[in-house]
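Participant: Structure file run.cif (mmCIF, C-alpha atoms) is given on the next line.
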```cif
data_input
#
loop_
_atom_site.label_atom_id
_atom_site.label_comp_id
_atom_site.auth_asym_id
_atom_site.auth_seq_id
_atom_site.Cartn_x
_atom_site.Cartn_y
_atom_site.Cartn_z
CA MET A 1 -12.41 -3.81 5.18
CA LYS A 2 -10.00 -4.77 7.97
CA ASN A 3 -7.28 -5.61 5.44
CA LEU A 4 -7.81 -2.30 3.68
CA LEU A 5 -7.47 -0.39 6.95
CA ARG A 6 -4.28 -2.31 7.73
CA LEU A 7 -2.87 -1.30 4.35
CA LEU A 8 -3.77 2.37 4.80
CA ALA A 9 -2.47 2.57 8.37
CA ALA A 10 0.72 0.55 7.89
CA SER A 11 3.03 3.47 7.14
CA LEU A 12 3.59 5.05 10.55
CA LEU A 13 7.25 5.35 11.35
CA SER A 14 10.17 7.39 12.62
CA ALA A 15 12.85 8.79 10.36
CA THR A 16 15.78 11.15 9.89
CA VAL A 17 18.55 12.21 7.54
CA ALA A 18 20.10 11.72 4.10
CA LEU A 19 21.44 13.98 1.31
CA VAL A 20 19.68 16.74 -0.61
CA VAL A 21 17.92 15.06 -3.52
CA LEU A 22 18.69 16.03 -7.12
CA PRO A 23 16.33 15.04 -9.96
CA ALA A 24 16.65 11.29 -10.37
CA PRO A 25 15.04 8.46 -12.30
CA ALA A 26 12.20 6.50 -10.76
CA GLY A 27 13.19 3.91 -8.18
CA ALA A 28 12.35 0.25 -8.57
CA ASP A 29 9.50 0.72 -6.10
CA THR A 30 7.75 3.69 -7.77
CA THR A 31 6.85 4.90 -11.23
CA GLU A 32 7.52 8.52 -10.22
CA THR A 33 10.86 10.28 -10.31
CA ASP A 34 12.27 11.67 -7.08
CA ALA A 35 11.38 15.17 -8.35
CA GLU A 36 7.75 14.09 -8.77
CA ILE A 37 7.72 12.64 -5.26
CA ALA A 38 9.15 15.93 -3.98
CA ALA A 39 6.22 17.76 -5.62
CA GLN A 40 3.83 15.38 -3.85
CA TRP A 41 5.58 16.14 -0.55
CA GLN A 42 5.15 19.88 -1.15
CA THR A 43 1.45 19.47 -1.93
CA ALA A 44 0.95 17.46 1.26
CA TRP A 45 2.88 20.06 3.28
CA ASP A 46 0.94 22.97 1.81
CA THR A 47 -2.35 21.21 2.51
CA TYR A 48 -1.79 19.69 5.94
CA ARG A 49 1.45 21.07 7.42
CA PHE A 50 1.52 17.52 8.88
CA TYR A 51 1.03 18.56 12.48
CA ASP A 52 -1.39 20.93 14.19
CA SER A 53 -0.63 21.58 17.86
CA SER A 54 -4.34 22.03 18.59
CA PRO A 55 -6.50 18.90 18.99
CA PRO A 56 -9.16 18.16 16.37
CA LYS A 57 -12.28 20.26 16.92
CA PRO A 58 -15.42 18.63 18.35
CA GLY A 59 -17.61 17.39 15.56
CA SER A 60 -14.74 17.24 13.07
CA GLY A 61 -14.88 13.47 12.92
CA ARG A 62 -11.23 13.23 13.92
CA THR A 63 -9.61 12.15 17.18
CA ARG A 64 -6.17 12.56 18.77
CA ALA A 65 -4.52 9.83 20.81
CA LYS A 66 -1.13 9.65 22.53
CA SER A 67 1.21 6.86 23.54
CA ALA A 68 4.79 6.46 24.76
CA ILE A 69 7.21 3.56 24.41
CA SER A 70 10.75 3.12 25.72
CA ILE A 71 13.65 0.77 25.26
CA GLU A 72 17.07 0.54 26.92
CA ILE A 73 20.10 -0.06 24.72
CA ASP A 74 23.43 -1.21 26.13
CA ALA A 75 25.65 1.32 24.36
CA PRO A 76 26.84 4.92 24.91
CA ILE A 77 24.37 7.68 24.12
CA GLU A 78 26.47 9.20 21.32
CA ARG A 79 26.57 5.88 19.45
CA VAL A 80 22.90 5.12 20.03
CA PHE A 81 21.79 8.57 18.90
CA ALA A 82 23.89 8.45 15.74
CA ALA A 83 22.62 5.01 14.76
CA TYR A 84 19.01 5.46 15.80
CA SER A 85 18.51 8.82 14.13
CA HIS A 86 19.96 7.73 10.76
CA ILE A 87 17.11 6.54 8.53
CA PRO A 88 19.03 4.01 6.40
CA ASN A 89 19.53 2.05 9.63
CA HIS A 90 15.74 1.67 9.89
CA ILE A 91 15.48 -0.11 6.55
CA GLY A 92 14.98 -3.81 7.21
CA ARG A 93 13.96 -3.04 10.80
CA ALA A 94 10.95 -0.76 10.30
CA ALA A 95 8.03 -2.68 8.84
CA PHE A 96 7.89 -2.47 5.02
CA LEU A 97 10.34 0.45 4.70
CA LYS A 98 12.27 0.22 1.40
CA ARG A 99 13.92 3.60 0.89
CA VAL A 100 13.75 7.31 1.66
CA VAL A 101 13.67 10.22 -0.78
CA THR A 102 15.11 13.32 0.91
CA HIS A 103 13.94 16.63 -0.55
CA HIS A 104 15.69 19.22 1.67
CA ASP A 105 18.34 18.99 4.37
CA ARG A 106 19.37 22.23 6.09
CA MET A 107 20.42 23.74 9.39
CA CYS A 108 18.40 26.47 11.09
CA GLY A 109 19.91 27.54 14.39
CA LYS A 110 20.68 24.44 16.42
CA LEU A 111 18.17 22.27 14.56
CA ARG A 112 18.67 20.23 11.43
CA TYR A 113 15.53 20.15 9.25
CA VAL A 114 15.02 17.21 6.90
CA ASP A 115 12.04 16.99 4.52
CA PHE A 116 11.60 13.49 3.12
CA THR A 117 9.24 10.84 1.83
CA ALA A 118 9.42 7.27 3.09
CA ILE A 119 8.65 4.59 0.50
CA GLU A 120 7.08 1.40 1.83
CA ASP A 121 6.10 -1.83 0.07
CA VAL A 122 3.09 -3.29 1.88
CA PRO A 123 1.77 -6.83 1.15
CA TYR A 124 -1.96 -6.72 0.35
CA GLN A 125 -4.10 -9.61 -0.91
CA GLY A 126 -1.26 -11.42 -2.64
CA ALA A 127 0.26 -8.28 -4.15
CA VAL A 128 2.69 -5.57 -2.99
CA VAL A 129 1.34 -2.03 -2.81
CA THR A 130 3.71 0.94 -2.63
CA LEU A 131 2.77 3.61 -0.07
CA LYS A 132 4.38 6.97 0.58
CA THR A 133 4.64 8.76 3.94
CA HIS A 134 5.60 12.45 3.71
CA ALA A 135 7.53 13.80 6.68
CA GLN A 136 9.59 16.55 8.22
CA GLN A 137 12.19 15.86 10.88
CA ARG A 138 13.96 18.26 13.22
CA VAL A 139 17.15 16.88 14.76
CA ASN A 140 18.68 18.42 17.90
CA ALA A 141 22.09 16.79 18.22
CA ARG A 142 23.03 18.95 21.21
CA ASP A 143 20.10 17.69 23.27
CA PHE A 144 20.12 14.13 21.90
CA SER A 145 16.57 14.33 20.62
CA TYR A 146 14.60 14.66 17.43
CA GLU A 147 11.02 15.20 16.30
CA THR A 148 9.28 13.90 13.20
CA ASP A 149 5.90 14.92 11.80
CA THR A 150 4.34 12.70 9.13
CA TRP A 151 1.30 12.60 6.87
CA SER A 152 -0.02 9.58 4.96
CA GLU A 153 -3.25 8.36 3.46
CA PRO A 154 -6.01 8.27 4.64
CA ASN A 155 -5.19 11.65 6.25
CA VAL A 156 -3.27 10.13 9.17
CA VAL A 157 -0.96 12.58 10.95
CA THR A 158 1.67 11.60 13.51
CA HIS A 159 3.96 13.63 15.72
CA GLN A 160 6.94 11.82 17.19
CA LYS A 161 9.42 13.12 19.75
CA ILE A 162 12.33 10.77 20.43
CA ILE A 163 14.43 11.46 23.51
CA PHE A 164 17.76 9.83 24.43
CA ASP A 165 18.91 9.68 28.08
CA GLU A 166 22.12 8.26 29.51
CA THR A 167 21.50 6.00 32.50
CA ASP A 168 23.69 5.58 35.59
CA GLU A 169 24.74 2.18 34.25
CA GLY A 170 26.11 3.71 31.04
CA THR A 171 23.30 2.43 28.87
CA THR A 172 20.94 4.62 26.82
CA LYS A 173 17.19 4.87 27.34
CA VAL A 174 15.26 5.81 24.22
CA THR A 175 11.74 7.16 24.75
CA GLU A 176 9.37 7.77 21.87
CA LYS A 177 6.40 10.05 22.58
CA LEU A 178 3.82 9.43 19.86
CA THR A 179 0.76 11.47 18.93
CA PHE A 180 -1.74 10.28 16.33
CA ASP A 181 -4.49 12.28 14.58
CA ALA A 182 -6.92 10.29 12.43
CA ASP A 183 -10.58 9.86 11.60
CA THR A 184 -12.40 8.72 14.73
CA SER A 185 -13.39 5.44 13.07
CA LEU A 186 -9.71 4.64 12.46
CA ILE A 187 -7.96 6.01 15.55
CA ASP A 188 -7.82 2.80 17.62
CA PHE A 189 -6.49 0.85 14.67
CA VAL A 190 -3.97 3.55 13.76
CA VAL A 191 -2.63 3.72 17.32
CA ALA A 192 -2.35 -0.05 17.75
CA ASN A 193 -0.53 -0.54 14.46
CA GLY A 194 1.57 2.59 14.82
CA VAL A 195 2.80 1.62 18.27
CA ALA A 196 3.49 -1.96 17.16
CA SER A 197 5.51 -0.68 14.18
CA HIS A 198 7.62 1.58 16.38
CA GLN A 199 8.21 -1.22 18.89
CA GLN A 200 9.42 -3.48 16.08
CA THR A 201 11.84 -0.80 14.90
CA GLN A 202 13.10 -0.21 18.45
CA ALA A 203 13.79 -3.91 18.95
CA GLY A 204 15.60 -4.20 15.63
CA LEU A 205 17.80 -1.19 16.30
CA LYS A 206 18.59 -2.39 19.83
CA GLN A 207 19.75 -5.76 18.49
CA ALA A 208 21.84 -4.20 15.75
CA ILE A 209 23.51 -1.64 18.02
CA GLU A 210 24.25 -4.04 20.86
CA SER A 211 25.63 -6.68 18.48
CA GLY A 212 27.99 -4.17 16.90
CA GLU A 213 26.28 -4.35 13.52
CA LEU A 214 25.61 -0.60 13.82
#
```
Would you mind giving the structure from this file in structure tokens?

Facilitator:
Amino acid sequence: MKNLLRLLAASLLSATVALVVLPAPAGADTTETDAEIAAQWQTAWDTYRFYDSSPPKPGSGRTRAKSAISIEIDAPIERVFAAYSHIPNHIGRAAFLKRVVTHHDRMCGKLRYVDFTAIEDVPYQGAVVTLKTHAQQRVNARDFSYETDTWSEPNVVTHQKIIFDETDEGTTKVTEKLTFDADTSLIDFVVANGVASHQQTQAGLKQAIESGEL
């Protein structure tokens, strides 16, 4: 049971931008075409809207939990923001992330809205299982911040607000404010694994940016 919960909760991550997706053949990691994955995203959005600003109601069997993690990166804020908020840079640094299928990418006022599905290959009992996390991101380049709402099985919702601040030393502090909604029986596990996944991604991006790789 513990391994199954790890599989179901593994796909909690942050993400951002790519190009508007046109109908495409299935990727090596899925049997569905990108258009079929887009239809799955729309169904998930219509059903859950990914994020509800009100906490789960008493007796609903669901619980909300919050956490915050920070990291300081020795690089200017413009460079850190550009690298950190670009999802291809998370591949190989975020646990299990293989690719992103972007369904819509548009500007509305000062915000850039990106609807996408993250494809993850998760090891499970000697095999690799493909999981999909459906998400919407809102990027505010003027304020050096972005938010991402995600939904994945088994009905796990996350809200992420990532804030970039320039320090007096010329470095950049990145703070991720994370909110998790999940079944009460899963919430502790979801939070622990979600936070650990984000910390891994932070450390990988920090190394890549400071080394000049990004």

Participant: Got a sec to resolve the PyMOL selection byres ((chain A and resi 142) around 12) on this structure and send the residues as a PyMOL selection string?

Facilitator: chain A and resi 77-78+81-82+109-112+139-141+143-146+163-164

Participant: Could you write out as number ranges by chain the residues that the PyMOL selection byres ((chain A and resi 115-117) around 6) matches in the shown file?

Facilitator: A: 100-104, 114, 118, 133-136

Participant: Filtering to C-alpha atoms, could you give me those residues as a CSV table (one decimal), keeping the file's coordinate frame?

Facilitator:
```
chain,number,residue,atom,x,y,z
A,100,VAL,CA,13.8,7.3,1.7
A,101,VAL,CA,13.7,10.2,-0.8
A,102,THR,CA,15.1,13.3,0.9
A,103,HIS,CA,13.9,16.6,-0.6
A,104,HIS,CA,15.7,19.2,1.7
A,114,VAL,CA,15.0,17.2,6.9
A,118,ALA,CA,9.4,7.3,3.1
A,133,THR,CA,4.6,8.8,3.9
A,134,HIS,CA,5.6,12.4,3.7
A,135,ALA,CA,7.5,13.8,6.7
A,136,GLN,CA,9.6,16.6,8.2
```

Participant: Applied to this file, what does the PyMOL selection byres ((chain A and resi 186-190) around 8) return in terms of residues, put as a ChimeraX atom specification?

Facilitator: /A:5-6,9,63-65,180-185,191-194

Participant: Those residues you just picked out, can you put them in a file as a short mmCIF file (atom, residue, chain, number, x, y, z; two decimals), in the frame of the given file with C-alpha atoms?

Facilitator:
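Now in selection_37.cif:
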```cif
data_model
loop_
_atom_site.label_atom_id
_atom_site.label_comp_id
_atom_site.auth_asym_id
_atom_site.auth_seq_id
_atom_site.Cartn_x
_atom_site.Cartn_y
_atom_site.Cartn_z
CA LEU A 5 -7.47 -0.39 6.95
CA ARG A 6 -4.28 -2.31 7.73
CA ALA A 9 -2.47 2.57 8.37
CA THR A 63 -9.61 12.15 17.18
CA ARG A 64 -6.17 12.56 18.77
CA ALA A 65 -4.52 9.83 20.81
CA PHE A 180 -1.74 10.28 16.33
CA ASP A 181 -4.49 12.28 14.58
CA ALA A 182 -6.92 10.29 12.43
CA ASP A 183 -10.58 9.86 11.60
CA THR A 184 -12.40 8.72 14.73
CA SER A 185 -13.39 5.44 13.07
CA VAL A 191 -2.63 3.72 17.32
CA ALA A 192 -2.35 -0.05 17.75
CA ASN A 193 -0.53 -0.54 14.46
CA GLY A 194 1.57 2.59 14.82
#
```

Participant: From the set A:Ile73, A:Val157, A:Val129, A:Ile162, which residue has the shortest atom-to-atom contact distance to A:Tyr48, counting only C-alpha atoms?

Facilitator: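 Distance minimum relative to A:Tyr48 lands on A:Val157.
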
Participant: Between atom CA of A:Gly204 and atom CA of A:Glu147, what is the spacing in Å?

Facilitator: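 Pair atom CA of A:Glu147 / atom CA of A:Gly204 returns 19.9 Å.
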
Participant: Kindly give the distance, in Å, that separates atom CA of A:Lys66 and atom CA of A:Asp121, rounded to a single decimal.

Facilitator: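 That distance, rounded to one decimal, is 26.2 Å.
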
Participant: Separation of atom CA of A:Val195 and atom CA of A:Lys173, in Å?

Facilitator: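 Spanning atom CA of A:Val195 to atom CA of A:Lys173 is a straight-line distance of 17.3 Å.
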
Participant: Which residue, A:Tyr113, A:Trp151, A:Phe96, A:Tyr84, has the smallest gap to A:Leu205 when you use all atoms listed in the file?

Facilitator: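 Among the listed residues, the smallest separation from A:Leu205 belongs to A:Tyr84.
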
Participant: Hey, could you patch up stretch 151-182 of chain A with N, CA and C atoms and hand it over as an mmCIF file, in the coordinates of the input?

Facilitator:
```cif
data_model
loop_
_atom_site.group_PDB
_atom_site.id
_atom_site.type_symbol
_atom_site.label_atom_id
_atom_site.label_comp_id
_atom_site.auth_asym_id
_atom_site.auth_seq_id
_atom_site.Cartn_x
_atom_site.Cartn_y
_atom_site.Cartn_z
ATOM 1 N N TRP A 151 2.658 12.668 7.414
ATOM 2 C CA TRP A 151 1.300 12.600 6.870
ATOM 3 C C TRP A 151 1.254 11.469 5.864
ATOM 4 N N SER A 152 0.190 10.655 5.940
ATOM 5 C CA SER A 152 -0.020 9.580 4.960
ATOM 6 C C SER A 152 -1.508 9.367 4.784
ATOM 7 N N GLU A 153 -1.861 8.737 3.679
ATOM 8 C CA GLU A 153 -3.250 8.360 3.460
ATOM 9 C C GLU A 153 -3.655 7.317 4.490
ATOM 10 N N PRO A 154 -4.926 7.332 4.973
ATOM 11 C CA PRO A 154 -6.010 8.270 4.640
ATOM 12 C C PRO A 154 -6.068 9.432 5.640
ATOM 13 N N ASN A 155 -5.245 10.452 5.410
ATOM 14 C CA ASN A 155 -5.190 11.650 6.250
ATOM 15 C C ASN A 155 -4.824 11.310 7.693
ATOM 16 N N VAL A 156 -3.787 10.492 7.851
ATOM 17 C CA VAL A 156 -3.270 10.130 9.170
ATOM 18 C C VAL A 156 -2.042 11.001 9.453
ATOM 19 N N VAL A 157 -2.062 11.709 10.560
ATOM 20 C CA VAL A 157 -0.960 12.580 10.950
ATOM 21 C C VAL A 157 -0.331 12.035 12.228
ATOM 22 N N THR A 158 0.986 11.986 12.276
ATOM 23 C CA THR A 158 1.670 11.600 13.510
ATOM 24 C C THR A 158 2.686 12.659 13.897
ATOM 25 N N HIS A 159 2.880 12.803 15.192
ATOM 26 C CA HIS A 159 3.960 13.630 15.720
ATOM 27 C C HIS A 159 4.768 12.742 16.656
ATOM 28 N N GLN A 160 6.067 12.694 16.414
ATOM 29 C CA GLN A 160 6.940 11.820 17.190
ATOM 30 C C GLN A 160 8.075 12.637 17.808
ATOM 31 N N LYS A 161 8.273 12.508 19.082
ATOM 32 C CA LYS A 161 9.420 13.120 19.750
ATOM 33 C C LYS A 161 10.221 11.985 20.383
ATOM 34 N N ILE A 162 11.471 11.850 19.965
ATOM 35 C CA ILE A 162 12.330 10.770 20.430
ATOM 36 C C ILE A 162 13.433 11.378 21.281
ATOM 37 N N ILE A 163 13.514 10.911 22.522
ATOM 38 C CA ILE A 163 14.430 11.460 23.510
ATOM 39 C C ILE A 163 15.415 10.382 23.949
ATOM 40 N N PHE A 164 16.697 10.753 24.038
ATOM 41 C CA PHE A 164 17.760 9.830 24.430
ATOM 42 C C PHE A 164 18.331 10.284 25.765
ATOM 43 N N ASP A 165 18.382 9.364 26.752
ATOM 44 C CA ASP A 165 18.910 9.680 28.080
ATOM 45 C C ASP A 165 19.948 8.647 28.475
ATOM 46 N N GLU A 166 21.062 9.150 29.004
ATOM 47 C CA GLU A 166 22.120 8.260 29.510
ATOM 48 C C GLU A 166 21.767 7.817 30.918
ATOM 49 N N THR A 167 21.819 6.514 31.177
ATOM 50 C CA THR A 167 21.500 6.000 32.500
ATOM 51 C C THR A 167 22.751 5.931 33.368
ATOM 52 N N ASP A 168 22.548 5.696 34.664
ATOM 53 C CA ASP A 168 23.690 5.580 35.590
ATOM 54 C C ASP A 168 24.552 4.372 35.257
ATOM 55 N N GLU A 169 23.987 3.391 34.600
ATOM 56 C CA GLU A 169 24.740 2.180 34.250
ATOM 57 C C GLU A 169 25.510 2.328 32.943
ATOM 58 N N GLY A 170 25.395 3.489 32.290
ATOM 59 C CA GLY A 170 26.110 3.710 31.040
ATOM 60 C C GLY A 170 25.357 3.248 29.813
ATOM 61 N N THR A 171 24.127 2.785 30.005
ATOM 62 C CA THR A 171 23.300 2.430 28.870
ATOM 63 C C THR A 171 22.514 3.668 28.417
ATOM 64 N N THR A 172 21.725 3.509 27.358
ATOM 65 C CA THR A 172 20.940 4.620 26.820
ATOM 66 C C THR A 172 19.467 4.240 26.793
ATOM 67 N N LYS A 173 18.636 5.075 27.398
ATOM 68 C CA LYS A 173 17.190 4.870 27.340
ATOM 69 C C LYS A 173 16.622 5.743 26.237
ATOM 70 N N VAL A 174 15.899 5.102 25.330
ATOM 71 C CA VAL A 174 15.260 5.810 24.220
ATOM 72 C C VAL A 174 13.758 5.823 24.465
ATOM 73 N N THR A 175 13.182 7.007 24.533
ATOM 74 C CA THR A 175 11.740 7.160 24.750
ATOM 75 C C THR A 175 11.123 7.829 23.554
ATOM 76 N N GLU A 176 10.104 7.201 22.996
ATOM 77 C CA GLU A 176 9.370 7.770 21.870
ATOM 78 C C GLU A 176 7.990 8.217 22.367
ATOM 79 N N LYS A 177 7.710 9.511 22.248
ATOM 80 C CA LYS A 177 6.400 10.050 22.580
ATOM 81 C C LYS A 177 5.641 10.236 21.280
ATOM 82 N N LEU A 178 4.542 9.518 21.127
ATOM 83 C CA LEU A 178 3.820 9.430 19.860
ATOM 84 C C LEU A 178 2.438 10.055 19.983
ATOM 85 N N THR A 179 2.086 10.878 19.015
ATOM 86 C CA THR A 179 0.760 11.470 18.930
ATOM 87 C C THR A 179 0.169 11.159 17.572
ATOM 88 N N PHE A 180 -1.071 10.670 17.566
ATOM 89 C CA PHE A 180 -1.740 10.280 16.330
ATOM 90 C C PHE A 180 -3.023 11.088 16.158
ATOM 91 N N ASP A 181 -3.228 11.651 14.968
ATOM 92 C CA ASP A 181 -4.490 12.280 14.580
ATOM 93 C C ASP A 181 -5.052 11.493 13.397
ATOM 94 N N ALA A 182 -6.311 11.051 13.516
ATOM 95 C CA ALA A 182 -6.920 10.290 12.430
ATOM 96 C C ALA A 182 -8.429 10.381 12.551
#
```
